[in-house]
Amino acid sequence: MKKYGLNELRKKYLEFFECKGHLVMKSFSLVPKNDKSLLLINAGMAPLKPYFTCQAIPPSSRLATCQKCIRTGDIENVGKTDRHGTFFEMLGNFSFGDYFKKEAIAWAWEFFTETLEIPKDRLYVSVYEEDDEAAKIWHEEQGVPLERIFRMGKEDNFWEHGTGPCGPCSEIYYDRGEAYGCGSPDCTVGCECDRYIEVWNLVFTQFEKNEKGEYHLLDHPNIDTGMGLERLAVIMQDVQSLFDVDTIKALRDAVCKAADIKYLEDSHKDISIRLITDHIRSVTFMTSDGILPSNEGRGYVLRRLLRRAARHGKLLGIKGQFLSKLSRVVIDTSKEAYPELSEKAEYINKIIGIEEERFSETIDQGLCILKSYIQELKENGETVLAGDKSFKLYDTYGFPLDLTIEILEEEGLTVDEQDFNTHMETQRERARSAREDMNYMGCEETVYHQLEPSLNTKFIGYEHTNYESVIKDMTDEQHLISTLQKGDKGTIFTEKTPFYATSGGQCADKGYMETETGKMTIEDVKKVMGNKIAHIGTVTEGKILKGQEVQLKVDEANRYATAKNHTATHILQKALRDIIGTHVEQAGSHLNADRLRFDFTHYAALTAEEIKAVEAEVNKRIQQDMAVNTTQMPIEEARKMGAMALFGEKYEDIVRVVNIGSYSIELCGGTHVDNTTTIGPFKIISESGIAAGVRRIEALTSHSTIAYYQEKEALMTELCHLLKCEPTQSIKRIQQILDDNKKLQQERDKYKDKLAKGAADNLCDKIINIKGMQLLAAHIPDQDMNGLRTMGDQLKQNLGADVVVLATSKGEKVNLVVMAANDAVEKGAHAGNLIRDIAKIVGGGGGGRPTIAQAGGKNPDKIDEAIQQVPKLLEAQIK
């Protein structure tokens with residue numbers, strides 16, 4: 001049996017099915033699109049759900065893909081065995097109402113036995129126990145002996161996910177030989193050992209399951225197959241595990257080189273080697289799809305994978321940062337199939353490096369704290385770490401919960417996960433609410449799911465802003481309808497439309513549509529399932545009927561202003577990359593007629609000088625009178641030209657390229673101006689951080705910029721009127737006022753200190769003795785917190801009080817200060833505990849150190865009562 005490399009196997013599979021009439025599609029992003037049921041794509045068919053449910057029409061009735069996938073359900077086993085991993089590639093061939101069992105089985109057998117020349121006597125198959133049709137095809141048409149066909153139950157060989165499409169499966173197994181077996185005489189297909197491994201799963205989606213649990217045959221059954229590329233490579237290369245496959249072994253060897261160790265010499269170190277090897281694959285691919293480390297969602301998955309790998313690097317003794325170097329190995333071994341890895345290599349290395357550096361800054365401190373928690377547990381004879389402590393490690397030191405659990409397990413301890421989850425309730429609630437009311441598709445069930453899949457709308461808005469079309473369908477909020485009356489809000493679908501639907505960060509066009517019987521104001525335009533464009537609005541005149549001819553009119557002024565902001569956004573991105581660095585990538589955008597917002601990857605706030613430079617560069621380019629041209633071309637040609645693409649976006653084979661002179665080139669489906677000079681003045685109005693590693697710039701162009709400066713001018717005029725000076729003298733005048741105010745403040749503070757000293761001198765008779773300790777507790781009227789602390793210091797120093805308790809009020813607010821001398825603390829006094837009990841009486845709370853504490857309250861009427869309770873409270877503290 002010939003040995004094939006992993007990259008060669010991928011190519012052979014896709015070429016085989018291309019010869020069988022399949023359209024070979026590139027892998028979809030790991031970020032699911034319109035599917036809130038998944039954080040990450042975890043199967044080859046996941047991005048194809050709309051085609052299986054007939055919500056969208058596939059580009060071909062036969063498709064083949066190699067889909068990058070991530071599964072973290074058994075992350076705790078990664079590294080501990082050589083079976084488990086988080087990242088894998090899934091080969092799949094799919095039929096949507098085209099071929100069925102006969103062809104799917106025949107081609108699978110042909111690919112294995114003829115293309116790859118796998119010996120037939122090493123192959124076994126399983127079928128669903130009631131699927132006589134599949135068993136017959138395997139035996140009579142492909143010649144598989146009956147003793148090599150295993151019938152299995154629903155749990156093993158029937159695919160279903162709640163309600164919806166489902167069907168029986170047939171799996172192909174490979175016998176790796178006795179060396180991989182368990183030695184049992186009963187060892188056969190289905191055994192838990194490593195001898196017979198399932199390689200290819202063929203799912204025959206022939207039923208529709210309803211809410212009653214009833215199965216009905218589909219009019220057009222589908223085929224959904226899945227085969228792990230790494231597992232196939234294990235067979236073809238005759239190696240022990242996925243970590244020995246050629247491309248993954250190259251990465252494993254790089255890990256060993258970084259740690260200066262050898263694989264399979266130390267079982268504990270092998271765990272770390274395998275874990276790092278797997279996790280850096282996931283981290284590299286996730287980062288290439290625009291996922292950024294964060295504390296929630298898929299960003300949290302990325303962070304926990306990266307930080308687990310970083311920690312295991314430390315366990316292996318690797319010094320300094322090493323994950324970015326390993327990511328280059330992933331890129332080098334995978335770039336042929338995933339060219340975006342090479343295109344984003346600098347960005348990937350930057351993001352991984354910064355996150356690894358951030359973790360290294362906190363992990364040592366966090367590990368010390370965790371070690372102290374472990375020691376405390378053992379000293380107290382306990383085995384469960386409290387949730388608030390694990391949450392502190394997570395929130396303050398960036399420890400993912402599973403990392404804490406992993407370290408505790410090494411010590412025979414566990415964590416109170418329920419208590420931890422209580423502290424995470426807000427974040428988890430957000431995640432839960434985002435997944436409510438999801439259907440099989442992973443999105444909210446709407447009236448649009450009732451539309452015919454064949455319905456689609458052609459966008460002709462690049463050439464037209466006024467166009468006549470035909471109304472193909474219409475809905476209200478719940479039903480498909482045929483009429484909308486005056487005052488009704490609804491959605492209309494037309495054959496063609498000049499209206500731009502919200503996408504790519506650009507907001508939808510506004511305008512109206514008109515028939516001979518009515519008129520509707522268009523308030524929003526959306527892309528819905530398939531190639532459908534929904535015009536959402538309210539009927540303002542008469543009535544509108546399904547099937548009518550309709551005139552669609554875009555608000556040209558709104559469109560033009562939006563186009564200015566969109567073109568300016570392209571120039572802004574290029575300016576940022578030139579000035580800040582080529583690691584800058586678009587992380588989001590939002591632009592309408594009024595302003596633009598651009599989110600980009602960068603790990604530090606821009607300085608005032610950088611903002612000024614970026615703004616100047618954008619204005620310079622706008623004034624260069626550059627033509628803006630759009631062309632359609634094959635995506636590979638666009639990539640060769642250096643066209644910028646959005647992270648995680650899946651593009652068609654033919655793409656639209658926007659050129660701004662020779663300055664900027666991007667893949668973009670939005671609307672743009674014809675020449676940069678029409679954009680007008682550009683002004684950045686804010687720069688801020690919105691997430692770890694993501695900055696946001698908000699800016700204005702054209703008339704919005706002019707209006708911005710007019711508003712500032714009006715504000716300046718009013719300010720100068722109040723200052724009674726000319727604009728050129730305003731700064732000098734304000735500085736003079738600030739200086740005068742500072743002098744007055746200093747004089748006031750001196751006067752208050754004098755009053756406080758005088759008040760302190762009058763408090764001698766309020767000192768009382770509590771078990772040999774001098775206590776002064778007093779209500780001081782009309783002081784702020786600073787004055788109260790100053791007075792407390794003076795009383796301790798001048799009157800020799802061991803414990804000082806002072807209370808004051810201003811309006812409805814109460815301020816409290818407690819101070820205790822070191823001698824008093826040694827005898828049991830604790831300012832923080834004392835003030836906590838006092839604050840409760842005045843309706844507040846607070847705390848602090850044993851020697852000093854402050855608190856607030858909201859019930860001034862209770863101050864005297866609180867002061868009266870102090871002797872009793874202090875007496876209870878003294879040993």
# chains A, B, ... in the order shown; residues from 1 in each chain; ligands from 1
>>> residues_around(residues="Asp416 of chain A", least_positions_apart="4", cutoff="9 Å", atoms="only C-alpha atoms", output="PyMOL selection string")
chain A and resi 384-388+390+420-421
>>> residues_around(residues="Met626 of chain A", least_positions_apart="4", cutoff="12 Å", atoms="only C-alpha atoms", output="CSV table (one decimal) with all heavy atoms, in the first residue's frame")
chain,number,residue,atom,x,y,z
A,567,THR,N,-15.8,54.6,1.0
A,567,THR,CA,-14.5,54.8,0.3
A,567,THR,C,-13.5,55.4,1.3
A,567,THR,O,-12.3,54.9,1.3
A,567,THR,CB,-14.7,55.8,-0.9
A,567,THR,OG1,-15.7,55.3,-1.8
A,567,THR,CG2,-13.4,55.9,-1.7
A,568,ALA,N,-13.9,56.3,2.2
A,568,ALA,CA,-13.0,56.8,3.2
A,568,ALA,C,-12.5,55.7,4.1
A,568,ALA,O,-11.3,55.7,4.6
A,568,ALA,CB,-13.7,57.9,4.0
A,571,ILE,N,-9.6,54.0,2.6
A,571,ILE,CA,-8.4,54.8,2.7
A,571,ILE,C,-7.8,54.8,4.1
A,571,ILE,O,-6.6,54.7,4.3
A,571,ILE,CB,-8.7,56.2,2.2
A,571,ILE,CG1,-9.1,56.3,0.7
A,571,ILE,CG2,-7.5,57.1,2.4
A,571,ILE,CD1,-9.6,57.6,0.2
A,620,LYS,N,-4.7,63.7,2.9
A,620,LYS,CA,-3.8,63.9,1.7
A,620,LYS,C,-4.2,63.0,0.6
A,620,LYS,O,-4.2,63.4,-0.6
A,620,LYS,CB,-2.4,63.5,2.2
A,620,LYS,CG,-1.3,63.4,1.1
A,620,LYS,CD,0.0,62.8,1.7
A,620,LYS,CE,0.9,62.4,0.6
A,620,LYS,NZ,2.1,61.8,1.1
A,621,ARG,N,-4.6,61.7,0.8
A,621,ARG,CA,-5.0,60.8,-0.2
A,621,ARG,C,-6.3,61.2,-0.9
A,621,ARG,O,-6.5,61.1,-2.1
A,621,ARG,CB,-5.1,59.4,0.3
A,621,ARG,CG,-3.7,58.8,0.9
A,621,ARG,CD,-2.7,58.8,-0.2
A,621,ARG,NE,-1.4,58.3,0.3
A,621,ARG,CZ,-0.4,58.0,-0.5
A,621,ARG,NH1,-0.4,58.2,-1.8
A,621,ARG,NH2,0.8,57.6,0.1
A,622,ILE,N,-7.2,61.7,0.0
A,622,ILE,CA,-8.5,62.2,-0.6
A,622,ILE,C,-8.3,63.3,-1.6
A,622,ILE,O,-8.9,63.4,-2.7
A,622,ILE,CB,-9.4,62.7,0.6
A,622,ILE,CG1,-10.0,61.5,1.4
A,622,ILE,CG2,-10.6,63.5,0.0
A,622,ILE,CD1,-10.7,61.8,2.6
A,659,ASN,N,-10.5,49.4,-6.5
A,659,ASN,CA,-9.2,50.1,-6.6
A,659,ASN,C,-9.4,51.5,-6.3
A,659,ASN,O,-10.2,52.2,-7.0
A,659,ASN,CB,-8.6,49.9,-8.0
A,659,ASN,CG,-8.1,48.4,-8.2
A,659,ASN,OD1,-6.9,48.1,-7.8
A,659,ASN,ND2,-8.9,47.6,-8.7
A,660,ILE,N,-8.6,52.1,-5.4
A,660,ILE,CA,-8.6,53.6,-5.2
A,660,ILE,C,-7.2,54.0,-5.7
A,660,ILE,O,-6.2,53.9,-5.1
A,660,ILE,CB,-8.8,53.9,-3.7
A,660,ILE,CG1,-10.1,53.4,-3.2
A,660,ILE,CG2,-8.7,55.5,-3.6
A,660,ILE,CD1,-10.3,53.6,-1.7
A,661,GLY,N,-7.2,54.4,-7.0
A,661,GLY,CA,-6.0,54.8,-7.7
A,661,GLY,C,-5.0,53.6,-7.6
A,661,GLY,O,-5.4,52.4,-7.8
A,662,SER,N,-3.8,53.8,-7.3
A,662,SER,CA,-2.8,52.8,-7.1
A,662,SER,C,-2.5,52.6,-5.6
A,662,SER,O,-1.6,51.9,-5.2
A,662,SER,CB,-1.5,53.1,-7.8
A,662,SER,OG,-0.9,54.3,-7.4
A,663,TYR,N,-3.4,53.3,-4.8
A,663,TYR,CA,-3.1,53.4,-3.3
A,663,TYR,C,-3.7,52.2,-2.6
A,663,TYR,O,-3.1,51.6,-1.7
A,663,TYR,CB,-3.7,54.7,-2.8
A,663,TYR,CG,-3.5,54.9,-1.3
A,663,TYR,CD1,-2.3,55.0,-0.7
A,663,TYR,CD2,-4.6,54.9,-0.5
A,663,TYR,CE1,-2.1,55.2,0.6
A,663,TYR,CE2,-4.5,55.1,0.9
A,663,TYR,CZ,-3.2,55.3,1.4
A,663,TYR,OH,-3.1,55.5,2.8
A,664,SER,N,-5.0,51.9,-2.8
A,664,SER,CA,-5.7,50.8,-2.1
A,664,SER,C,-6.4,49.9,-3.0
A,664,SER,O,-7.0,50.3,-4.0
A,664,SER,CB,-6.7,51.5,-1.1
A,664,SER,OG,-7.6,50.5,-0.6
A,673,VAL,N,-17.8,56.1,-4.1
A,673,VAL,CA,-17.8,57.3,-5.0
A,673,VAL,C,-16.9,57.0,-6.2
A,673,VAL,O,-16.1,56.0,-6.2
A,673,VAL,CB,-17.3,58.5,-4.2
A,673,VAL,CG1,-18.2,58.8,-3.1
A,673,VAL,CG2,-15.8,58.3,-3.7
A,674,ASP,N,-16.9,57.8,-7.2
A,674,ASP,CA,-16.1,57.6,-8.4
A,674,ASP,C,-14.7,58.2,-8.3
A,674,ASP,O,-13.8,57.8,-9.0
A,674,ASP,CB,-16.8,58.2,-9.6
A,674,ASP,CG,-18.2,57.5,-9.9
A,674,ASP,OD1,-18.2,56.3,-9.7
A,674,ASP,OD2,-19.1,58.2,-10.4
A,675,ASN,N,-14.6,59.2,-7.4
A,675,ASN,CA,-13.3,59.9,-7.2
A,675,ASN,C,-13.2,60.4,-5.8
A,675,ASN,O,-14.1,60.8,-5.2
A,675,ASN,CB,-13.3,61.1,-8.2
A,675,ASN,CG,-11.9,61.8,-8.3
A,675,ASN,OD1,-11.5,62.4,-7.3
A,675,ASN,ND2,-11.2,61.6,-9.4
A,676,THR,N,-12.0,60.3,-5.3
A,676,THR,CA,-11.7,60.6,-3.8
A,676,THR,C,-12.0,62.0,-3.5
A,676,THR,O,-12.4,62.3,-2.3
A,676,THR,CB,-10.3,60.3,-3.5
A,676,THR,OG1,-9.4,61.0,-4.3
A,676,THR,CG2,-10.0,58.8,-3.6
A,677,THR,N,-11.9,63.0,-4.4
A,677,THR,CA,-12.1,64.4,-4.0
A,677,THR,C,-13.5,64.7,-3.6
A,677,THR,O,-13.8,65.6,-2.9
A,677,THR,CB,-11.7,65.3,-5.2
A,677,THR,OG1,-12.5,64.9,-6.4
A,677,THR,CG2,-10.2,65.2,-5.5
A,678,THR,N,-14.4,63.8,-4.0
A,678,THR,CA,-15.8,64.1,-3.7
A,678,THR,C,-16.1,63.7,-2.2
A,678,THR,O,-17.2,64.0,-1.7
A,678,THR,CB,-16.8,63.2,-4.5
A,678,THR,OG1,-16.5,61.8,-4.4
A,678,THR,CG2,-16.6,63.6,-6.0
A,679,ILE,N,-15.2,63.0,-1.5
A,679,ILE,CA,-15.4,62.6,-0.1
A,679,ILE,C,-15.4,63.9,0.8
A,679,ILE,O,-16.1,63.9,1.8
A,679,ILE,CB,-14.2,61.7,0.3
A,679,ILE,CG1,-14.4,60.4,-0.5
A,679,ILE,CG2,-14.4,61.4,1.8
A,679,ILE,CD1,-13.2,59.4,-0.2
>>> residues_around(residues="segment 208-225 of chain A", least_positions_apart="6", cutoff="10 Å", atoms="only C-alpha atoms", output="ChimeraX atom specification")
/A:44-45,48,51-53,61-64,90-101,103-104,108,160-167,169-171,200-202
>>> select_by_dssp(residues="segment 724-843 of chain A", states="alpha helix (DSSP H)", output="ChimeraX atom specification")
/A:730-761,785-799,822-826,831-841
>>> closest_residue(among="A:Lys650, A:Lys49, A:Arg328, A:Lys564", to="Gly353 of chain A", atoms="only C-alpha atoms")
A:Arg328
>>> decode(residues="segment 588-599 of chain A", atoms="N, CA, C and O atoms", output="compact mmCIF listing (two decimals), in the first residue's frame")
# COMPACT_ATOMS: atom_id res chain seq x y z
N GLY A 588 -14.03 44.81 11.96
CA GLY A 588 -15.45 45.19 11.91
C GLY A 588 -15.58 46.61 11.42
O GLY A 588 -14.63 47.39 11.44
N SER A 589 -16.76 46.95 10.96
CA SER A 589 -17.02 48.32 10.54
C SER A 589 -18.51 48.59 10.55
O SER A 589 -19.31 47.66 10.53
N HIS A 590 -18.85 49.86 10.63
CA HIS A 590 -20.25 50.27 10.57
C HIS A 590 -20.26 51.66 9.95
O HIS A 590 -19.67 52.59 10.51
N LEU A 591 -20.89 51.77 8.80
CA LEU A 591 -20.89 53.07 8.14
C LEU A 591 -22.25 53.35 7.52
O LEU A 591 -22.91 52.48 6.96
N ASN A 592 -22.67 54.59 7.71
CA ASN A 592 -23.93 55.05 7.14
C ASN A 592 -23.72 56.44 6.57
O ASN A 592 -22.59 56.86 6.32
N ALA A 593 -24.79 57.16 6.37
CA ALA A 593 -24.68 58.49 5.75
C ALA A 593 -24.07 59.52 6.69
O ALA A 593 -23.53 60.53 6.24
N ASP A 594 -24.13 59.27 8.00
CA ASP A 594 -23.70 60.28 8.96
C ASP A 594 -22.23 60.15 9.37
O ASP A 594 -21.56 61.15 9.59
N ARG A 595 -21.73 58.93 9.52
CA ARG A 595 -20.37 58.74 10.02
C ARG A 595 -19.87 57.35 9.66
O ARG A 595 -20.62 56.51 9.18
N LEU A 596 -18.60 57.10 9.96
CA LEU A 596 -18.03 55.78 9.77
C LEU A 596 -17.38 55.32 11.07
O LEU A 596 -16.90 56.14 11.86
N ARG A 597 -17.39 54.02 11.28
CA ARG A 597 -16.76 53.41 12.44
C ARG A 597 -15.91 52.25 11.94
O ARG A 597 -16.41 51.40 11.19
N PHE A 598 -14.66 52.23 12.32
CA PHE A 598 -13.75 51.20 11.83
C PHE A 598 -13.04 50.53 13.00
O PHE A 598 -12.37 51.19 13.79
N ASP A 599 -13.23 49.23 13.13
CA ASP A 599 -12.58 48.44 14.18
C ASP A 599 -11.38 47.72 13.57
O ASP A 599 -11.49 47.14 12.49
